[in-house]
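Listing of query-v4.txt; format and content: compact mmCIF, C-alpha atoms and all ligand atoms.
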# COMPACT_ATOMS: atom_id res chain seq x y z
CA MET E 1 0.00 0.00 0.00
CA SER E 2 1.49 3.40 -0.93
CA GLU E 3 1.70 5.91 1.92
CA GLU E 4 0.28 9.35 1.10
CA ARG E 5 2.85 12.14 1.32
CA ILE E 6 2.34 15.63 2.61
CA SER E 7 2.55 18.33 -0.05
CA TYR E 8 2.00 22.06 0.32
CA GLY E 9 2.37 22.75 -3.41
CA ILE E 10 4.57 25.13 -5.36
CA TYR E 11 4.04 28.90 -5.01
CA SER E 12 2.56 30.91 -7.87
CA PRO E 13 2.13 28.10 -10.44
CA GLY E 14 0.61 30.63 -12.89
CA VAL E 15 3.67 32.89 -12.74
CA LEU E 16 5.93 29.86 -13.01
CA GLY E 17 4.04 28.75 -16.15
CA VAL E 18 4.54 32.18 -17.73
CA PHE E 19 8.31 32.08 -17.01
CA ILE E 20 8.65 28.55 -18.40
CA PHE E 21 6.73 29.60 -21.53
CA ALA E 22 9.06 32.64 -21.84
CA ILE E 23 12.15 30.39 -21.68
CA VAL E 24 10.79 28.14 -24.43
CA ALA E 25 9.95 31.22 -26.54
CA CYS E 26 13.47 32.63 -25.99
CA PHE E 27 14.97 29.29 -27.00
CA PHE E 28 13.10 29.41 -30.34
CA LEU E 29 14.21 33.03 -30.87
CA TYR E 30 17.79 31.90 -30.23
CA LEU E 31 17.46 29.31 -33.00
CA ILE E 32 15.87 31.83 -35.40
CA PHE E 33 18.45 34.63 -34.99
CA ASN E 34 22.04 34.15 -36.17
CA ASN E 35 23.24 37.54 -34.95
CA LEU E 36 25.76 37.06 -32.11
CA VAL E 37 24.67 40.11 -30.10
CA ILE E 38 21.01 39.08 -30.20
CA ARG E 39 21.94 35.52 -29.21
CA TYR E 40 24.02 36.89 -26.32
CA ILE E 41 21.07 38.98 -25.07
CA ILE E 42 18.69 36.01 -25.39
CA THR E 43 21.13 33.80 -23.45
CA ILE E 44 21.22 36.34 -20.60
CA ILE E 45 17.40 36.52 -20.56
CA ILE E 46 17.17 32.70 -20.45
CA LEU E 47 19.68 32.55 -17.58
CA ALA E 48 17.82 35.26 -15.63
CA LEU E 49 14.49 33.44 -16.10
CA ALA E 50 16.09 30.13 -15.07
CA ILE E 51 17.43 31.76 -11.88
CA ILE E 52 13.95 33.17 -11.05
CA ILE E 53 12.36 29.73 -11.63
CA GLY E 54 15.04 28.13 -9.43
CA LEU E 55 14.34 30.67 -6.66
CA ILE E 56 10.58 30.00 -6.82
CA PHE E 57 11.23 26.24 -6.49
CA TYR E 58 13.71 26.85 -3.64
CA GLU E 59 11.27 29.13 -1.79
CA SER E 60 8.44 26.63 -2.37
CA SER E 61 10.28 23.53 -1.21
CA SER E 62 8.24 21.75 1.43
CA PRO E 63 10.97 21.36 4.13
CA LEU E 64 11.76 25.10 4.00
CA ARG E 65 8.05 26.02 4.01
CA VAL E 66 7.50 23.80 7.05
CA LYS E 67 10.57 25.34 8.72
CA ARG E 68 9.19 28.86 8.11
CA SER E 69 5.73 27.93 9.37
CA ILE E 70 7.31 26.55 12.58
CA ILE E 71 9.24 29.82 13.04
CA LEU E 72 5.99 31.79 12.52
CA VAL E 73 4.09 29.65 15.01
CA GLU E 74 6.88 29.75 17.63
CA PHE E 75 6.97 33.52 17.22
CA ALA E 76 3.20 33.74 17.76
CA GLU E 77 3.28 31.40 20.81
CA PRO E 78 -0.24 29.96 20.62
CA LYS E 79 -1.66 28.95 24.02
CA GLU E 80 -3.47 25.77 25.05
CA ASN E 81 -7.22 25.80 24.30
CA SER E 82 -6.79 28.61 21.74
CA VAL E 83 -9.30 29.23 18.97
CA MET E 84 -7.32 30.24 15.87
CA LEU E 85 -7.79 31.33 12.27
CA ASP E 86 -5.45 30.90 9.29
CA VAL E 87 -6.38 33.43 6.59
CA GLY E 88 -5.44 32.30 3.05
CA THR E 89 -4.55 28.80 4.25
CA GLY E 90 -3.83 27.29 0.80
CA ARG E 91 -3.05 23.63 1.43
CA GLY E 92 -3.20 24.14 5.19
CA LEU E 93 0.48 24.69 6.03
CA VAL E 94 0.07 27.20 8.87
CA ALA E 95 -3.28 25.84 10.13
CA ILE E 96 -1.69 22.40 10.51
CA THR E 97 1.48 23.76 12.17
CA LEU E 98 -0.68 25.74 14.64
CA ALA E 99 -2.76 22.65 15.42
CA LYS E 100 0.39 20.60 16.06
CA ALA E 101 1.81 23.27 18.38
CA CYS E 102 -0.83 23.39 21.09
CA LYS E 103 -3.12 21.15 23.12
CA ASN E 104 -6.89 21.30 22.85
CA CYS E 105 -6.78 24.07 20.28
CA LYS E 106 -9.11 24.55 17.32
CA VAL E 107 -7.95 26.04 14.03
CA THR E 108 -10.06 27.18 11.11
CA GLY E 109 -8.31 27.61 7.76
CA ILE E 110 -10.11 29.79 5.24
CA ASP E 111 -9.34 30.41 1.59
CA THR E 112 -11.14 31.26 -1.62
CA TRP E 113 -9.20 28.43 -3.35
CA SER E 114 -9.82 30.35 -6.56
CA PRO E 115 -8.42 28.48 -9.60
CA LEU E 116 -7.84 31.86 -11.26
CA SER E 117 -5.55 33.22 -8.52
CA LEU E 118 -2.01 33.86 -9.79
CA SER E 119 -0.66 34.02 -6.24
CA GLY E 120 -1.92 30.65 -5.01
CA VAL E 121 -0.14 27.33 -4.64
CA SER E 122 -0.32 24.38 -7.01
CA GLY E 123 -3.10 21.90 -6.22
CA ASN E 124 -4.80 24.63 -4.20
CA THR E 125 -8.01 22.95 -3.02
CA MET E 126 -9.83 22.45 0.26
CA GLU E 127 -9.63 18.66 -0.33
CA ASN E 128 -5.81 18.81 -0.49
CA ALA E 129 -5.69 20.91 2.71
CA GLN E 130 -7.97 18.37 4.42
CA LYS E 131 -5.79 15.49 3.14
CA ASN E 132 -2.66 17.15 4.61
CA ALA E 133 -4.41 17.56 7.98
CA GLU E 134 -5.28 13.84 7.91
CA ILE E 135 -1.70 12.85 7.03
CA GLU E 136 -0.46 15.00 9.96
CA LYS E 137 -3.19 13.48 12.18
CA VAL E 138 -4.64 16.83 13.23
CA GLU E 139 -7.94 16.57 11.33
CA HIS E 140 -9.86 16.63 14.67
CA LYS E 141 -8.33 20.05 15.46
CA VAL E 142 -8.46 21.69 12.03
CA LYS E 143 -11.46 22.71 9.99
CA PHE E 144 -11.30 24.21 6.49
CA GLN E 145 -13.92 26.56 5.14
CA GLN E 146 -14.30 28.43 1.86
CA ALA E 147 -14.46 32.17 2.56
CA ASP E 148 -13.16 35.50 1.30
CA ALA E 149 -10.84 37.27 3.74
CA ARG E 150 -12.56 40.56 2.83
CA LYS E 151 -15.81 39.29 4.37
CA LEU E 152 -15.05 36.79 7.11
CA PRO E 153 -18.07 34.67 8.11
CA PHE E 154 -17.34 34.85 11.86
CA PRO E 155 -18.73 36.98 14.71
CA ASP E 156 -16.69 39.81 16.28
CA ASN E 157 -14.02 38.82 18.86
CA THR E 158 -13.93 35.11 17.96
CA PHE E 159 -10.22 34.19 17.70
CA ASP E 160 -7.33 34.20 20.18
CA LEU E 161 -4.85 34.15 17.31
CA VAL E 162 -5.17 35.00 13.63
CA ALA E 163 -2.35 34.10 11.22
CA SER E 164 -1.86 35.02 7.58
CA HIS E 165 1.20 33.63 5.82
CA GLU E 166 2.33 34.77 2.36
CA VAL E 167 -1.07 36.30 1.61
CA LEU E 168 -1.23 40.04 2.37
CA ASP E 169 1.50 41.11 -0.08
CA SER E 170 -0.42 39.55 -2.97
CA ILE E 171 -3.86 40.98 -2.12
CA VAL E 172 -3.99 44.16 -4.18
CA VAL E 173 -7.72 44.87 -4.16
CA GLY E 174 -9.31 45.10 -0.73
CA ARG E 175 -6.29 44.66 1.54
CA ASP E 176 -7.67 47.26 3.98
CA LYS E 177 -10.94 45.31 4.13
CA VAL E 178 -8.98 42.13 4.97
CA LEU E 179 -7.14 43.88 7.83
CA LYS E 180 -10.40 45.40 9.10
CA GLU E 181 -12.05 41.97 9.08
CA ILE E 182 -9.08 40.36 10.84
CA TYR E 183 -9.22 43.07 13.51
CA ARG E 184 -12.95 42.55 13.95
CA VAL E 185 -12.74 38.77 14.46
CA THR E 186 -9.67 38.90 16.77
CA LYS E 187 -10.53 38.79 20.48
CA ARG E 188 -9.50 41.72 22.70
CA GLY E 189 -5.98 40.80 23.87
CA GLY E 190 -5.72 38.34 20.97
CA LYS E 191 -2.84 38.26 18.51
CA PHE E 192 -2.41 38.71 14.79
CA VAL E 193 0.70 37.37 13.04
CA PHE E 194 1.47 37.86 9.36
CA SER E 195 4.32 37.65 6.88
CA THR E 196 5.37 40.38 4.51
CA ALA E 197 8.27 40.55 2.13
CA LEU E 198 7.35 43.84 0.50
CA SER E 199 5.44 46.16 2.75
CA LYS E 200 6.29 45.75 6.44
CA TYR E 201 6.00 49.44 7.36
CA ILE E 202 2.90 50.04 5.23
CA LEU E 203 1.13 47.06 6.83
CA ILE E 204 2.22 48.02 10.36
CA ARG E 205 0.87 51.55 9.80
CA LYS E 206 -2.42 50.17 8.46
CA CYS E 207 -2.77 47.64 11.33
CA SER E 208 -1.97 50.35 13.84
CA LYS E 209 -4.72 52.57 12.34
CA MET E 210 -7.18 49.66 12.76
CA GLY E 211 -6.29 49.49 16.46
CA PHE E 212 -3.62 46.77 16.62
CA LYS E 213 -0.71 47.57 18.95
CA LYS E 214 2.53 46.19 20.49
CA PHE E 215 4.25 45.34 17.20
CA GLN E 216 7.20 42.95 17.12
CA SER E 217 8.93 41.59 14.04
CA VAL E 218 11.52 39.03 13.04
CA ARG E 219 13.43 38.84 9.75
CA LEU E 220 14.02 35.63 7.82
CA GLY E 221 16.72 35.15 5.19
CA LEU E 222 17.74 32.85 2.36
CA ARG E 223 18.65 30.09 4.85
CA GLU E 224 14.95 29.90 5.66
CA GLY E 225 14.17 30.04 1.92
CA ALA E 226 12.70 33.55 1.81
CA ILE E 227 13.73 37.10 2.62
CA THR E 228 10.66 38.12 4.56
CA TYR E 229 9.41 39.55 7.86
CA TYR E 230 7.04 38.01 10.37
CA VAL E 231 5.10 40.67 12.25
CA LEU E 232 3.17 40.04 15.47
CA CYS E 233 0.73 42.46 17.07
CA ARG E 234 -2.14 42.51 19.58
CA LYS E 235 -5.66 43.82 19.60
C1 LIG Q 301 0.86 32.09 -1.60
S1 LIG Q 301 -0.56 31.27 -1.03
C2 LIG Q 301 -0.12 30.96 0.66
C3 LIG Q 301 -0.83 29.77 1.22
C4 LIG Q 301 -0.44 29.39 2.66
N1 LIG Q 301 -0.75 30.45 3.59
C5 LIG Q 301 1.01 28.99 2.75
O1 LIG Q 301 1.79 29.69 3.38
O2 LIG Q 301 1.34 27.93 2.18
C6 LIG Q 301 -1.76 32.62 -0.86
C7 LIG Q 301 -3.14 32.10 -0.54
O3 LIG Q 301 -4.01 33.20 -0.24
C8 LIG Q 301 -5.29 32.90 -0.80
N2 LIG Q 301 -6.06 34.16 -0.95
C9 LIG Q 301 -5.79 35.20 -1.77
N3 LIG Q 301 -6.74 36.15 -1.65
C10 LIG Q 301 -7.64 35.69 -0.74
C11 LIG Q 301 -8.85 36.21 -0.19
N4 LIG Q 301 -9.33 37.39 -0.56
N5 LIG Q 301 -9.50 35.46 0.74
C12 LIG Q 301 -9.03 34.26 1.13
N6 LIG Q 301 -7.89 33.72 0.64
C13 LIG Q 301 -7.21 34.41 -0.27
C14 LIG Q 301 -4.96 32.23 -2.12
O4 LIG Q 301 -6.05 31.48 -2.63
C15 LIG Q 301 -3.78 31.35 -1.70
O5 LIG Q 301 -4.18 30.07 -1.28
Kindly present the structure from the file in structure tokens form.
Ligand SMILES: C[S@@+](CC[C@H](N)C(=O)[O-])C[C@H]1O[C@@H](n2cnc3c(N)ncnc32)[C@H](O)[C@@H]1O
Amino acid sequence: MSEERISYGIYSPGVLGVFIFAIVACFFLYLIFNNLVIRYIITIIILALAIIIGLIFYESSSPLRVKRSIILVEFAEPKENSVMLDVGTGRGLVAITLAKACKNCKVTGIDTWSPLSLSGVSGNTMENAQKNAEIEKVEHKVKFQQADARKLPFPDNTFDLVASHEVLDSIVVGRDKVLKEIYRVTKRGGKFVFSTALSKYILIRKCSKMGFKKFQSVRLGLREGAITYYVLCRK
């Protein structure tokens, strides 16, 4: 009997597809043009694209993703009996790591799981998230639910801890709504932890305007597979 293996997918499969297509196109251009200068430029473009593809695979590799999610969860220090939310859970990476980290806790992972999203992960479905929770034997602690982070289907002050990993940077339309919703569903005294590679200060300013306070951050580097910040704050 074959044992099922955990997989959290590859980041941004749509973007990856575009880059791979571009490499193939460049290769054909290389064959068409005999001019040395043009061939030299095409070779540089192919190398640059190959490096970007390599970096996406490196950043996406499951062991490094698990390592980063453990760092995020240790930074957030979830308590026993906590009720927690993972916003933009994808294939359940952070929801599962949170569930493994504390006794008697309950985690809900929400996502739109939109097949059209360019920023998702490969195999991005609720079924795959559920399968990962079963493989990690935390299915009794984790529940997945389809929802849009801009309109969370939960009452005010529901969660002790809300996490959002590799999501906020890629939400262009309605990011303020997402933060407002996260603030609303976080309990008073509860925590919000998120990652951001691009906009740490912008997000801290926005969260602070919503009412979050006591900001702390930690920086990750290439050894963890991504140059990014984890930011923790309280309601
Ligand atoms: C790069 S993936 C990260 C997945 C997961 N947090 C991880 O670290 O593996 C970003 C996720 O955010 C989800 N997402 C994007 N916009 C969303 C929204 N408005 N509401 C809920 N989920 C959203 C995408 O579907 C995708 O699964």
* To do: Using only C-alpha atoms, collect all residues at a distance of at most 10 Å from (-5.2, 23.4, -7.6) as written in the file, then present them as a list of chain:residue names.
  => E:Gly9, E:Pro13, E:Gly90, E:Arg91, E:Trp113, E:Ser114, E:Pro115, E:Leu116, E:Ser117, E:Gly120, E:Val121, E:Ser122, E:Gly123, E:Asn124, E:Thr125, E:Met126, E:Glu127, E:Asn128
Near-E:Leu64 list (12 Å; all atoms listed in the file; drop same-chain fewer than 5 positions) as a PDB file with C-alpha atoms, keeping the file's coordinate frame:
ATOM      1  CA  TYR E   8       2.000  22.060   0.320  1.00  0.00           C
ATOM      2  CA  ILE E  10       4.570  25.130  -5.360  1.00  0.00           C
ATOM      3  CA  ILE E  56      10.580  30.000  -6.820  1.00  0.00           C
ATOM      4  CA  PHE E  57      11.230  26.240  -6.490  1.00  0.00           C
ATOM      5  CA  TYR E  58      13.710  26.850  -3.640  1.00  0.00           C
ATOM      6  CA  GLU E  59      11.270  29.130  -1.790  1.00  0.00           C
ATOM      7  CA  SER E  69       5.730  27.930   9.370  1.00  0.00           C
ATOM      8  CA  ILE E  70       7.310  26.550  12.580  1.00  0.00           C
ATOM      9  CA  ILE E  71       9.240  29.820  13.040  1.00  0.00           C
ATOM     10  CA  LEU E  93       0.480  24.690   6.030  1.00  0.00           C
ATOM     11  CA  LEU E 220      14.020  35.630   7.820  1.00  0.00           C
ATOM     12  CA  GLY E 221      16.720  35.150   5.190  1.00  0.00           C
ATOM     13  CA  LEU E 222      17.740  32.850   2.360  1.00  0.00           C
ATOM     14  CA  ARG E 223      18.650  30.090   4.850  1.00  0.00           C
ATOM     15  CA  GLU E 224      14.950  29.900   5.660  1.00  0.00           C
ATOM     16  CA  GLY E 225      14.170  30.040   1.920  1.00  0.00           C
ATOM     17  CA  ALA E 226      12.700  33.550   1.810  1.00  0.00           C
TER      18      ALA E 226
END
* Please, what distance in Å, to one decimal, runs between atom CA of E:Phe75 and atom CA of E:His165? ->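 Atom-to-atom, atom CA of E:Phe75 and atom CA of E:His165 are spaced 12.8 Å apart.
Nearest-residue note for E:Val193: choosing from E:Pro153, E:Gly54, E:Pro78, E:Gly17, the minimum distance belongs to E:Pro78, counting all atoms listed in the file.
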* Nearest residue to E:Gln146 from the set E:Leu72, E:Val94, E:Ala163, E:Val87 (distances using only C-alpha atoms) ->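 Result for the nearest residue to E:Gln146: E:Val87.
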* To do: Name the residues in contact with E:Asp160 at a cut-off of 7 Å, using all atoms listed in the file, excluding same-chain residues fewer than 6 positions from it; report them as a list in words.
  =>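 Listed by chain and then number, they are Ser82, Val83, Met84, Thr186, Lys187, Gly190 and Lys191 of chain E.
Residue nearest ligand LIG 301 (chain Q) within the list E:Lys180, E:Arg68, E:Lys131, E:Arg150: E:Arg150 [criterion: smallest interatomic distance, all atoms listed in the file].
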* Asked: Which residue, E:Ile41, E:Ile6, E:Ala133, E:Leu168, has the smallest gap to ligand LIG 301 (chain Q) when you use only C-alpha atoms and all ligand atoms?
  -> E:Leu168
If we count only C-alpha atoms, what is near E:Lys103 at a cut-off of 10 Å, once residues fewer than 2 positions away on the same chain are taken out, given as a PDB file with C-alpha atoms, in the frame of the given file?
ATOM      1  CA  PRO E  78      -0.240  29.960  20.620  1.00  0.00           C
ATOM      2  CA  LYS E  79      -1.660  28.950  24.020  1.00  0.00           C
ATOM      3  CA  GLU E  80      -3.470  25.770  25.050  1.00  0.00           C
ATOM      4  CA  ASN E  81      -7.220  25.800  24.300  1.00  0.00           C
ATOM      5  CA  SER E  82      -6.790  28.610  21.740  1.00  0.00           C
ATOM      6  CA  LEU E  98      -0.680  25.740  14.640  1.00  0.00           C
ATOM      7  CA  ALA E  99      -2.760  22.650  15.420  1.00  0.00           C
ATOM      8  CA  LYS E 100       0.390  20.600  16.060  1.00  0.00           C
ATOM      9  CA  ALA E 101       1.810  23.270  18.380  1.00  0.00           C
ATOM     10  CA  CYS E 105      -6.780  24.070  20.280  1.00  0.00           C
ATOM     11  CA  LYS E 106      -9.110  24.550  17.320  1.00  0.00           C
ATOM     12  CA  LYS E 141      -8.330  20.050  15.460  1.00  0.00           C
TER      13      LYS E 141
END
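Distance check against E:Ile51 using only C-alpha atoms: of E:Phe212, E:Asn34, E:Leu198, E:Ile20, the minimum falls on E:Ile20.
Distances to E:Glu77 were evaluated for E:Ile182, E:Leu49, E:Leu16, E:Val162 using all atoms listed in the file, and the minimum falls at E:Val162.
Atom pair atom CA of E:Gln130 / atom CA of E:Val66 has a distance of 16.6 Å (rounded to one decimal).
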Padding 4 Å on each side, edges along x, y and z: where is the centre of the box around the listed atoms of stretch 100-104 of chain E, and how long are its edges in Å to one decimal? Output it as lines of an AutoDock Vina configuration file.
center_x = -2.5
center_y = 22.0
center_z = 19.6
size_x = 16.7
size_y = 10.8
size_z = 15.1
* **Length of the atom CA of E:Val24 to atom CA of E:Leu118 vector [Å]** => 20.3 Å
